file coords_33.txt (compact mmCIF, C-alpha atoms and all ligand atoms)
# COMPACT_ATOMS: atom_id res chain seq x y z
CA MET A 20 97.55 94.72 119.11
CA GLN A 21 96.07 98.07 118.16
CA SER A 22 94.81 98.56 114.62
CA LEU A 23 96.11 101.19 112.24
CA ASN A 24 94.49 104.13 110.52
CA ARG A 25 95.81 104.75 107.03
CA PHE A 26 95.54 108.40 106.03
CA VAL A 27 93.97 109.32 102.68
CA LEU A 28 96.09 111.11 100.10
CA HIS A 29 94.58 114.51 99.44
CA GLY A 30 96.87 115.95 96.82
CA GLY A 31 100.59 115.56 96.39
CA ARG A 32 101.79 116.36 99.90
CA LEU A 33 98.58 116.48 101.95
CA TRP A 34 96.90 113.55 103.70
CA SER A 35 93.62 113.63 105.62
CA MET A 36 93.53 111.98 109.03
CA ASN A 37 90.58 110.33 110.74
CA ASN A 38 90.33 113.13 113.32
CA GLY A 39 89.41 115.66 110.61
CA GLY A 40 92.90 117.12 110.52
CA TYR A 41 95.56 116.97 107.85
CA VAL A 42 99.18 115.93 107.58
CA TYR A 43 101.16 118.28 105.35
CA ILE A 44 104.68 117.21 104.37
CA ASP A 45 107.16 119.70 102.94
CA GLN A 46 108.46 118.91 99.47
CA LYS A 47 112.10 118.74 100.58
CA VAL A 48 111.19 116.05 103.15
CA LEU A 49 109.49 113.88 100.51
CA GLU A 50 112.35 114.50 98.07
CA THR A 51 114.86 113.36 100.69
CA ILE A 52 112.84 110.19 101.37
CA ASP A 53 112.64 109.58 97.60
CA GLN A 54 116.43 109.31 97.52
CA TYR A 55 116.26 106.29 99.88
CA ARG A 56 113.53 104.33 98.04
CA GLN A 57 114.62 100.73 97.43
CA ILE A 58 114.11 100.75 93.69
CA GLU A 59 117.39 98.99 92.94
CA THR A 60 117.72 95.43 94.23
CA LYS A 61 120.66 95.89 96.63
CA VAL A 62 119.46 99.06 98.38
CA PRO A 63 118.77 98.40 102.10
CA GLU A 64 115.91 99.79 104.19
CA SER A 65 116.38 103.33 105.51
CA GLY A 66 114.54 105.38 108.07
CA GLY A 67 114.48 108.08 110.71
CA PHE A 68 112.29 110.57 112.53
CA LEU A 69 109.71 112.95 111.02
CA CYS A 70 109.85 116.37 112.70
CA GLY A 71 107.57 119.39 112.57
CA TYR A 72 104.69 121.27 114.17
CA TYR A 73 101.35 120.46 115.71
CA LYS A 74 98.77 123.07 114.62
CA GLY A 75 95.54 122.19 116.33
CA VAL A 76 94.51 118.85 114.83
CA ASN A 77 96.89 119.29 111.89
CA LEU A 78 100.50 118.21 111.57
CA HIS A 79 103.11 119.90 109.40
CA VAL A 80 106.26 117.86 108.71
CA ILE A 81 109.17 120.18 107.90
CA ASP A 82 112.27 118.10 108.60
CA LEU A 83 113.53 114.55 109.09
CA THR A 84 116.49 112.51 110.19
CA VAL A 85 118.17 110.08 107.77
CA PRO A 86 120.21 106.85 108.23
CA GLN A 87 123.34 107.19 110.37
CA PRO A 88 126.43 104.95 110.64
CA LYS A 89 125.31 103.07 113.77
CA ASP A 90 121.87 102.16 112.39
CA ILE A 91 121.27 98.61 111.15
CA GLN A 92 120.26 98.57 107.47
CA ARG A 93 119.24 95.31 105.78
CA ARG A 94 117.24 94.65 102.62
CA CYS A 95 114.13 93.92 104.73
CA ALA A 96 114.95 95.58 108.07
CA PHE A 97 115.93 98.92 109.54
CA GLN A 98 116.82 99.57 113.16
CA ARG A 99 117.26 103.16 114.27
CA LEU A 100 120.11 102.55 116.74
CA ASP A 101 122.32 105.58 116.16
CA PRO A 102 121.89 108.23 118.90
CA LYS A 103 122.28 110.97 116.27
CA HIS A 104 118.56 110.67 115.43
CA VAL A 105 117.58 111.60 118.98
CA ASP A 106 120.31 114.25 119.15
CA GLN A 107 119.13 115.93 115.95
CA ALA A 108 115.46 115.84 116.99
CA ARG A 109 116.40 117.33 120.36
CA ASP A 110 118.45 120.08 118.66
CA LEU A 111 115.48 120.98 116.43
CA TYR A 112 113.24 121.14 119.51
CA ILE A 113 115.65 123.31 121.51
CA ASN A 114 116.66 125.61 118.64
CA SER A 115 113.00 126.25 117.74
CA GLY A 116 112.06 127.12 121.31
CA GLY A 117 110.00 123.96 121.60
CA LYS A 118 107.96 124.50 118.41
CA ILE A 119 109.46 121.67 116.34
CA ASN A 120 108.71 118.25 117.74
CA CYS A 121 109.41 114.71 116.66
CA LEU A 122 106.07 113.77 115.04
CA GLY A 123 106.78 110.16 114.12
CA GLU A 124 108.95 107.84 112.09
CA TRP A 125 109.56 106.97 108.44
CA HIS A 126 111.23 104.02 106.78
CA THR A 127 111.42 102.35 103.39
CA HIS A 128 110.19 98.96 102.16
CA PRO A 129 111.34 97.00 99.10
CA GLU A 130 107.76 96.63 97.77
CA LYS A 131 105.67 98.72 95.39
CA ASN A 132 102.66 99.31 97.63
CA PRO A 133 103.97 99.07 101.21
CA THR A 134 102.02 97.77 104.19
CA PRO A 135 103.19 97.79 107.83
CA SER A 136 104.82 94.59 109.08
CA TYR A 137 104.19 93.00 112.47
CA ILE A 138 107.56 94.38 113.62
CA ASP A 139 106.54 97.86 112.39
CA ARG A 140 103.35 97.69 114.48
CA GLN A 141 105.26 96.55 117.56
CA GLY A 142 107.79 99.37 117.17
CA TRP A 143 105.07 101.99 116.69
CA ASN A 144 103.24 100.80 119.79
CA ILE A 145 106.43 101.29 121.80
CA PHE A 146 106.94 104.72 120.18
CA ASN A 147 103.39 105.72 121.17
CA ARG A 148 103.75 104.42 124.72
CA ASN A 149 106.75 106.72 125.21
CA ARG A 150 104.74 109.81 124.20
CA PRO A 151 101.16 109.22 125.29
CA THR A 152 99.92 112.82 125.05
CA GLN A 153 100.64 113.50 121.37
CA PRO A 154 99.54 111.67 118.21
CA ALA A 155 102.36 110.13 116.20
CA ILE A 156 102.44 109.46 112.47
CA PHE A 157 104.26 106.71 110.61
CA LEU A 158 105.34 106.70 106.98
CA ILE A 159 106.55 103.82 104.81
CA ALA A 160 107.97 104.63 101.40
CA GLY A 161 107.67 101.74 98.96
CA THR A 162 109.23 101.69 95.52
CA GLN A 163 106.09 103.39 94.11
CA GLU A 164 103.49 104.19 96.78
CA VAL A 165 103.69 105.73 100.24
CA TRP A 166 101.80 104.38 103.29
CA ILE A 167 101.14 106.96 106.00
CA GLY A 168 99.01 106.48 109.06
CA ALA A 169 98.77 106.27 112.82
CA VAL A 170 98.10 103.70 115.50
CA LYS A 171 94.38 103.79 116.29
CA TYR A 172 93.21 104.25 119.87
ZN ZN B 1 108.56 98.16 107.82
call {"tool": "encode", "arguments": {"input": "coords_33.txt", "output": "structure tokens"}}
result
Amino acid sequence: MQSLNRFVLHGGRLWSMNNGGYVYIDQKVLETIDQYRQIETKVPESGGFLCGYYKGVNLHVIDLTVPQPKDIQRRCAFQRLDPKHVDQARDLYINSGGKINCLGEWHTHPEKNPTPSYIDRQGWNIFNRNRPTQPAIFLIAGTQEVWIGAVKY
């Protein structure tokens, strides 16, 4: 199992990565994720793709996909099964002339300070195997804190 690099928060929407680059996340993306935080006890996990640009060693997240009807949403599990996630990411890629890529995944956890689960790590390893040439980022929104990082090579 590969280990994980947690990025360091560098201001409200900027995280520094271990490669010297930064992840910058647009406010509207974080505001959308905020709406899915599991602050109330019956709210299930949510998730989707993070989409944006690679700029050298930096990543700029400008859009995301959100839960769709065919996804599985439980209090402590989210499975991104609905093909609309892939369709929307593909549309962003095509409509931007290949500039906007799927950069990674986000999901929520019903805990204040979230940490990746074993299942999260397994899923991220599969995600990385399917796109070996580009770094992918993973975000977990807890009820208070956000975990954001990458699988370490
Ligand atoms: Zn998780």
call {"tool": "residues_around", "arguments": {"input": "coords_33.txt", "residues": "A:Ile167", "least_positions_apart": "3", "cutoff": "9 Å", "atoms": "all atoms listed in the file", "output": "VMD selection string"}}
result
chain A and resid 24 to 28 34 125 156 to 160
call {"tool": "residues_near_ligand", "arguments": {"input": "coords_33.txt", "ligand": "ligand ZN 1 (chain B)", "cutoff": "9 Å", "atoms": "only C-alpha atoms and all ligand atoms", "output": "PDB file with C-alpha atoms, in the coordinates of the input"}}
result
ATOM      1  CA  GLU A  64     115.910  99.790 104.190  1.00  0.00           C
ATOM      2  CA  CYS A  95     114.130  93.920 104.730  1.00  0.00           C
ATOM      3  CA  ALA A  96     114.950  95.580 108.070  1.00  0.00           C
ATOM      4  CA  PHE A  97     115.930  98.920 109.540  1.00  0.00           C
ATOM      5  CA  TRP A 125     109.560 106.970 108.440  1.00  0.00           C
ATOM      6  CA  HIS A 126     111.230 104.020 106.780  1.00  0.00           C
ATOM      7  CA  THR A 127     111.420 102.350 103.390  1.00  0.00           C
ATOM      8  CA  HIS A 128     110.190  98.960 102.160  1.00  0.00           C
ATOM      9  CA  PRO A 133     103.970  99.070 101.210  1.00  0.00           C
ATOM     10  CA  THR A 134     102.020  97.770 104.190  1.00  0.00           C
ATOM     11  CA  PRO A 135     103.190  97.790 107.830  1.00  0.00           C
ATOM     12  CA  SER A 136     104.820  94.590 109.080  1.00  0.00           C
ATOM     13  CA  TYR A 137     104.190  93.000 112.470  1.00  0.00           C
ATOM     14  CA  ILE A 138     107.560  94.380 113.620  1.00  0.00           C
ATOM     15  CA  ASP A 139     106.540  97.860 112.390  1.00  0.00           C
ATOM     16  CA  ARG A 140     103.350  97.690 114.480  1.00  0.00           C
ATOM     17  CA  ILE A 159     106.550 103.820 104.810  1.00  0.00           C
TER      18      ILE A 159
END
call {"tool": "atom_distance", "arguments": {"input": "coords_33.txt", "atom1": "atom CA of A:Pro151", "atom2": "atom CA of A:Leu122"}}
result
12.2 Å
call {"tool": "residues_around", "arguments": {"input": "coords_33.txt", "residues": "stretch 39-49 of chain A", "least_positions_apart": "4", "cutoff": "9 Å", "atoms": "all atoms listed in the file", "output": "PyMOL selection string"}}
result
chain A and resi 26+29+32-35+53-54+69+71+75-83+156
call {"tool": "closest_residue", "arguments": {"input": "coords_33.txt", "among": "A:Pro88, A:Asn114, A:Arg109, A:Pro129", "to": "A:Pro63", "atoms": "only C-alpha atoms"}}
result
A:Pro129
call {"tool": "atom_distance", "arguments": {"input": "coords_33.txt", "atom1": "atom CA of A:Ala155", "atom2": "atom CA of A:Gly66"}}
result
15.4 Å
call {"tool": "closest_residue", "arguments": {"input": "coords_33.txt", "among": "A:Asp110, A:Glu124, A:Glu59, A:Glu130", "to": "A:Gly168", "atoms": "only C-alpha atoms"}}
result
A:Glu124
call {"tool": "atom_distance", "arguments": {"input": "coords_33.txt", "atom1": "atom CA of A:Ser65", "atom2": "atom CA of A:Ile52"}}
result
8.8 Å
call {"tool": "closest_residue", "arguments": {"input": "coords_33.txt", "among": "A:Gly31, A:Gly67, A:Asp106, A:Tyr73", "to": "A:Pro154", "atoms": "only C-alpha atoms"}}
result
A:Tyr73
call {"tool": "axis_aligned_box", "arguments": {"input": "coords_33.txt", "around": "stretch 118-134 of chain A", "padding_each_side": "6 Å", "output": "lines of an AutoDock Vina configuration file"}}
result
center_x = 106.7
center_y = 110.6
center_z = 106.9
size_x = 21.4
size_y = 39.9
size_z = 35.0
call {"tool": "residues_around", "arguments": {"input": "coords_33.txt", "residues": "A:Pro102", "least_positions_apart": "3", "cutoff": "9 Å", "atoms": "all atoms listed in the file", "output": "list in words"}}
result
Gln87, Lys89, Asp90, Arg99, Val105, Asp106 and Gln107 of chain A
